[in-house]
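Everything on this sheet refers to the single structure shown next.
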Amino acid sequence: MVASEGSGGVVSPVVVNYGLDSLPGDGRRRAVTIGKFDGVHRGHLQVLGQLTSLAGKAESTVITFDRHPHVTLRPGEAPDRIVSDGQKVELLSKAGVARVVVLPFDDELSALDHAEFSKTVLAEGLSAGVVLVGADFRYGHGGKGTIDSLREEGIHWGFRVEVVADFCQEEGQRISSTMVRRHLTNGEVAEAASLLGRYHALRGEVGAGAQRGRTMGYPTANLSQPLEGYLPADGVYATLVTHQGVSYPAATSVGVNPTFGELTESVVESHLLDQRLDLYGETIRVEFVEFIRGMQVFPSSEALAAQMSADEQVIRGILSDLPRA
């Protein structure tokens, strides 16, 4: 099932702690799970559902990290993130999490051994009553901590350890952030949406572009860098653009405008269908519904405009069939 990121009910406020020094240390019992949660995909949602069930009256809490551990431990090998920290917190909150602890995965954190992590973070910092982890969970310096060591530390500090019951699968594999990232890299946004349970989204501020689209009758809202969210493959997509809580059907191009050959990095340009909004300086979200075609070099701006008109008709058909939120 796929839902628009903006659909659904009211999202409860979530408490966010950033860094070891911000942990509450208030003695309030919490149900805690730990992970990168990049993308907050359907597999993650299953874990969060189990956490909520275990929590009871305790506060459901997610410990996550501000970067992939490889950024610190193996520089140059870290994958690009599917969602920003801000997007991740919002998605975790929408999933019903009451508190999110974002730990900078820096030298200080990576130097903590597993016993110190349990003492400082789980026991003293969060007063954990139950800790939910995957069967392959590793923690502490060098990844030397295991479920067995966590259970031993839990006996000492007063928390129990539960293992994730089952992992959500698709394509015969356990759903993972790597699978989502691979689909996005290939422009397979519909397949990525199936794994996420929602459309993949970019978010950013609208800036000035070359305004070529305007001269061809297709004005666009161009996202400025830096963007929040993983950039899918170059191409033309059927999308939904949301501004101030209102979503509009749109045709979105990701690429370097090869017909004009003036760019060296991909840009994101969205043409809102049947709308003329002044969005300069405004923050918008672009949700990717379906891939239409790859980037092409056209012999003239007129030929490009003709193709854009054809793309628009295809996109209208796709978006008109979407269920109303």
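How things are named: the first chain in the structure tokens is A, the next is B, and so on; residues count from 1 in each chain; ligands count from 1 in the order shown.
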Legend entry - Selection: 7 Å around Glu59 in chain A, only C-alpha atoms, excl. self and same-chain fewer than 2 positions, as an MDAnalysis selection string: chainID A and resid 29:31 55 57 61 98
Inset, instruction - Using only C-alpha atoms, determine which residues lie at most 6 Å from Ser270 in chain A, disregarding the query and same-chain residues fewer than 4 positions distant; provide the list as a list in words. - result: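 After dropping sequence-adjacent residues, the list is Thr220, Ala221, Ala251 and Thr252 of chain A.
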Inset, instruction - Identify, with DSSP run on backbone atoms, the residues in range 4-133 of chain A assigned to strand (DSSP E), and express the list as a list of chain:residue names. - result: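 These are the residues in question: A:Val15, A:Val16, A:Asn17, A:Tyr18, A:Arg30, A:Ala31, A:Val32, A:Thr33, A:Ile34, A:Glu59, A:Ser60, A:Thr61, A:Val62, A:Ile63, A:Thr64, A:Phe65, A:Arg99, A:Val100, A:Val101, A:Val102, A:Leu103, A:Ala128, A:Gly129, A:Val130, A:Val131, A:Leu132, A:Val133.
Closest approach to Val15 in chain A among A:Val246, A:Ile292, A:Val97, A:Leu150 is made by A:Val97 (distances from only C-alpha atoms).
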Legend entry - All residues 10 Å or closer to Leu223 in chain A, only C-alpha atoms, same chain fewer than 6 positions away omitted, as number ranges by chain: A: 202-209, 267-270, 280-286
Need to verify the contact set: range 189-194 of chain A, 7 Å, only C-alpha atoms, exclusion of same-chain residues closer than 2 positions in sequence. Can you return it as a short mmCIF file (atom, residue, chain, number, x, y, z; two decimals) with N, CA, C and O atoms, in the first residue's frame?
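Saved as result-v6.cif:
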data_model
loop_
_atom_site.label_atom_id
_atom_site.label_comp_id
_atom_site.auth_asym_id
_atom_site.auth_seq_id
_atom_site.Cartn_x
_atom_site.Cartn_y
_atom_site.Cartn_z
N MET A 1 0.85 -1.20 0.00
CA MET A 1 0.00 0.00 0.00
C MET A 1 0.87 1.23 0.00
O MET A 1 1.88 1.30 0.71
N VAL A 2 0.54 2.21 -0.81
CA VAL A 2 1.32 3.43 -0.91
C VAL A 2 0.46 4.61 -0.50
O VAL A 2 -0.69 4.73 -0.92
N VAL A 180 15.83 0.09 -1.25
CA VAL A 180 15.16 1.35 -1.60
C VAL A 180 16.11 2.23 -2.41
O VAL A 180 15.74 2.79 -3.45
N HIS A 183 16.58 1.09 -6.04
CA HIS A 183 15.47 1.43 -6.93
C HIS A 183 15.50 2.91 -7.30
O HIS A 183 15.28 3.27 -8.46
N LEU A 184 15.76 3.77 -6.32
CA LEU A 184 15.81 5.20 -6.62
C LEU A 184 16.94 5.53 -7.58
O LEU A 184 16.79 6.36 -8.48
N GLY A 187 15.83 5.01 -10.94
CA GLY A 187 14.63 5.74 -11.34
C GLY A 187 13.35 4.98 -11.10
O GLY A 187 12.27 5.42 -11.53
N LEU A 196 8.68 1.59 0.66
CA LEU A 196 8.54 2.63 1.67
C LEU A 196 7.15 2.66 2.29
O LEU A 196 6.98 3.08 3.44
N GLY A 197 6.15 2.28 1.50
CA GLY A 197 4.77 2.44 1.94
C GLY A 197 4.26 3.86 1.75
O GLY A 197 3.21 4.24 2.28
N ARG A 198 4.98 4.63 0.98
CA ARG A 198 4.61 6.02 0.67
C ARG A 198 5.49 6.43 -0.51
O ARG A 198 6.44 5.74 -0.87
N TYR A 199 5.20 7.57 -1.11
CA TYR A 199 6.04 8.06 -2.19
C TYR A 199 7.32 8.66 -1.63
O TYR A 199 7.31 9.35 -0.61
N HIS A 200 8.42 8.38 -2.32
CA HIS A 200 9.69 9.01 -1.94
C HIS A 200 9.61 10.50 -2.19
O HIS A 200 9.04 10.95 -3.20
N PHE A 288 7.59 11.50 -5.61
CA PHE A 288 7.79 10.85 -6.90
C PHE A 288 6.85 9.65 -7.03
O PHE A 288 6.99 8.66 -6.32
N VAL A 289 5.92 9.77 -7.99
CA VAL A 289 4.89 8.74 -8.16
C VAL A 289 5.30 7.70 -9.19
O VAL A 289 5.22 6.50 -8.94
N GLU A 290 5.75 8.15 -10.37
CA GLU A 290 6.07 7.19 -11.43
C GLU A 290 7.08 7.80 -12.40
O GLU A 290 7.02 8.99 -12.71
N PHE A 291 7.98 6.95 -12.89
CA PHE A 291 8.97 7.34 -13.91
C PHE A 291 8.28 7.39 -15.27
O PHE A 291 7.51 6.50 -15.61
#
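Backbone DSSP assigns helix (DSSP H, G or I) in range 170-222 of chain A to A:Ser177, A:Thr178, A:Met179, A:Val180, A:Arg181, A:Arg182, A:His183, A:Leu184, A:Thr185, A:Val189, A:Ala190, A:Glu191, A:Ala192, A:Ala193, A:Ser194, A:Leu195, A:Leu196, A:Arg212, A:Gly213, A:Arg214, A:Thr215.
Distance check against Ala135 in chain A using only C-alpha atoms: of A:Val102, A:Leu20, A:Val163, A:Met295, the minimum falls on A:Val163.
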Inset, instruction - Kindly indicate which residue among A:Leu54, A:Ile175, A:Ile318, A:Leu304 lies nearest to Ala128 in chain A, using only C-alpha atoms for the distances. - result: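 Going through A:Leu54, A:Ile175, A:Ile318, A:Leu304 one by one, the smallest distance to Ala128 in chain A is for A:Leu54.
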Inset, instruction - List the neighbours of Glu108 in chain A out to 12 Å using only C-alpha atoms; skip same-chain residues closer than 4 positions along the sequence, and give me the result as a PyMOL selection string. - result: chain A and resi 19-21+72-73+103-104+112-113+116-117+140-141
